[in-house]
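Working notes, structure below.
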Amino acid sequence: MAKDLFNRYIWLVDTIYRADGITFEEINEKWTRNSMSGGEDLPLKTFHREPPSETPHHV
């Protein structure tokens with residue numbers, strides 16, 4: 001499972017690196033044509049960070 005995730009990230013970095021500017025829609029189109037996708041769209045949350053937790057920081 002970790003190997004699959006790693007390979008997906010390598011694919012994503014390589015795709016962005018090779019493009020001379022690329023939109024999410026273009027990445028997703030390439031992704032859905034890739035065998036790793038299983039025909040499913042790339043989740044948009046891949047490109048969004050989770051907000052920091054609201055837990056207090058200890059000093």
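Order determines the names: the first chain of the structure tokens is A, the second B, and so forth; residues in each chain are numbered 1 upward, and ligands are numbered 1 upward as they are shown.
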From a backbone DSSP assignment, name each residue in chain A labelled helix (DSSP H, G or I), as JSON, numbers by chain. {"A": [2, 3, 4, 5, 6, 7, 8, 9, 10, 11, 12, 13, 14, 15, 16, 17, 18, 24, 25, 26, 27, 28, 29, 30, 31, 32, 35, 36, 37, 44, 45, 46, 47]}
Okay, now the selection with N, CA and C atoms, as a CSV table (one decimal), in the first residue's frame?
chain,number,residue,atom,x,y,z
A,2,ALA,N,1.9,1.3,0.8
A,2,ALA,CA,2.8,2.5,0.9
A,2,ALA,C,3.5,2.6,-0.5
A,3,LYS,N,3.9,1.5,-1.0
A,3,LYS,CA,4.6,1.5,-2.3
A,3,LYS,C,3.7,2.1,-3.4
A,4,ASP,N,2.4,1.8,-3.4
A,4,ASP,CA,1.4,2.3,-4.4
A,4,ASP,C,1.3,3.8,-4.2
A,5,LEU,N,1.2,4.3,-3.0
A,5,LEU,CA,1.1,5.7,-2.7
A,5,LEU,C,2.3,6.4,-3.2
A,6,PHE,N,3.5,5.9,-2.9
A,6,PHE,CA,4.7,6.5,-3.3
A,6,PHE,C,4.8,6.6,-4.8
A,7,ASN,N,4.4,5.5,-5.5
A,7,ASN,CA,4.4,5.5,-7.0
A,7,ASN,C,3.4,6.6,-7.5
A,8,ARG,N,2.3,6.7,-6.9
A,8,ARG,CA,1.4,7.8,-7.3
A,8,ARG,C,1.9,9.2,-7.2
A,9,TYR,N,2.6,9.4,-6.1
A,9,TYR,CA,3.3,10.7,-5.9
A,9,TYR,C,4.4,10.9,-6.9
A,10,ILE,N,5.1,9.9,-7.2
A,10,ILE,CA,6.2,10.0,-8.2
A,10,ILE,C,5.6,10.4,-9.5
A,11,TRP,N,4.5,9.7,-9.9
A,11,TRP,CA,3.8,10.0,-11.1
A,11,TRP,C,3.4,11.4,-11.2
A,12,LEU,N,2.8,11.9,-10.1
A,12,LEU,CA,2.3,13.3,-10.0
A,12,LEU,C,3.4,14.3,-10.1
A,13,VAL,N,4.5,14.1,-9.4
A,13,VAL,CA,5.6,15.0,-9.5
A,13,VAL,C,6.2,15.0,-10.9
A,14,ASP,N,6.4,13.9,-11.5
A,14,ASP,CA,6.9,13.8,-12.8
A,14,ASP,C,6.0,14.5,-13.8
A,15,THR,N,4.7,14.3,-13.7
A,15,THR,CA,3.7,14.9,-14.6
A,15,THR,C,3.8,16.4,-14.5
A,16,ILE,N,3.9,16.9,-13.3
A,16,ILE,CA,4.0,18.4,-13.1
A,16,ILE,C,5.3,18.9,-13.6
A,17,TYR,N,6.4,18.2,-13.3
A,17,TYR,CA,7.7,18.6,-13.8
A,17,TYR,C,7.8,18.7,-15.3
A,18,ARG,N,7.3,17.7,-16.0
A,18,ARG,CA,7.4,17.7,-17.4
A,18,ARG,C,6.5,18.7,-18.1
A,24,PHE,N,-5.2,21.6,-12.8
A,24,PHE,CA,-5.7,20.4,-12.1
A,24,PHE,C,-6.5,19.5,-13.1
A,25,GLU,N,-7.3,20.2,-14.0
A,25,GLU,CA,-8.1,19.4,-14.9
A,25,GLU,C,-7.2,18.6,-15.9
A,26,GLU,N,-6.1,19.2,-16.3
A,26,GLU,CA,-5.2,18.5,-17.2
A,26,GLU,C,-4.5,17.4,-16.5
A,27,ILE,N,-4.1,17.6,-15.3
A,27,ILE,CA,-3.5,16.5,-14.5
A,27,ILE,C,-4.5,15.4,-14.3
A,28,ASN,N,-5.7,15.7,-14.0
A,28,ASN,CA,-6.7,14.7,-13.7
A,28,ASN,C,-7.0,13.9,-15.0
A,29,GLU,N,-7.0,14.6,-16.2
A,29,GLU,CA,-7.2,13.9,-17.4
A,29,GLU,C,-6.1,12.9,-17.7
A,30,LYS,N,-4.9,13.3,-17.4
A,30,LYS,CA,-3.8,12.4,-17.6
A,30,LYS,C,-3.9,11.2,-16.6
A,31,TRP,N,-4.3,11.6,-15.3
A,31,TRP,CA,-4.4,10.6,-14.3
A,31,TRP,C,-5.4,9.5,-14.6
A,32,THR,N,-6.6,9.9,-15.1
A,32,THR,CA,-7.6,8.9,-15.4
A,32,THR,C,-7.2,8.0,-16.5
A,35,SER,N,-3.0,3.7,-15.7
A,35,SER,CA,-3.5,2.4,-15.1
A,35,SER,C,-3.6,2.5,-13.6
A,36,MET,N,-2.8,3.3,-12.9
A,36,MET,CA,-2.8,3.4,-11.4
A,36,MET,C,-4.1,4.0,-10.9
A,37,SER,N,-4.8,4.7,-11.8
A,37,SER,CA,-6.0,5.4,-11.3
A,37,SER,C,-7.2,4.5,-11.2
A,44,LEU,N,-9.3,16.2,-5.5
A,44,LEU,CA,-8.8,17.5,-5.4
A,44,LEU,C,-8.1,17.8,-4.1
A,45,LYS,N,-8.5,17.1,-3.0
A,45,LYS,CA,-7.9,17.3,-1.7
A,45,LYS,C,-6.4,16.9,-1.7
A,46,THR,N,-5.9,16.3,-2.8
A,46,THR,CA,-4.5,16.0,-2.9
A,46,THR,C,-3.7,17.3,-2.9
A,47,PHE,N,-4.3,18.4,-3.4
A,47,PHE,CA,-3.6,19.7,-3.5
A,47,PHE,C,-4.0,20.7,-2.4
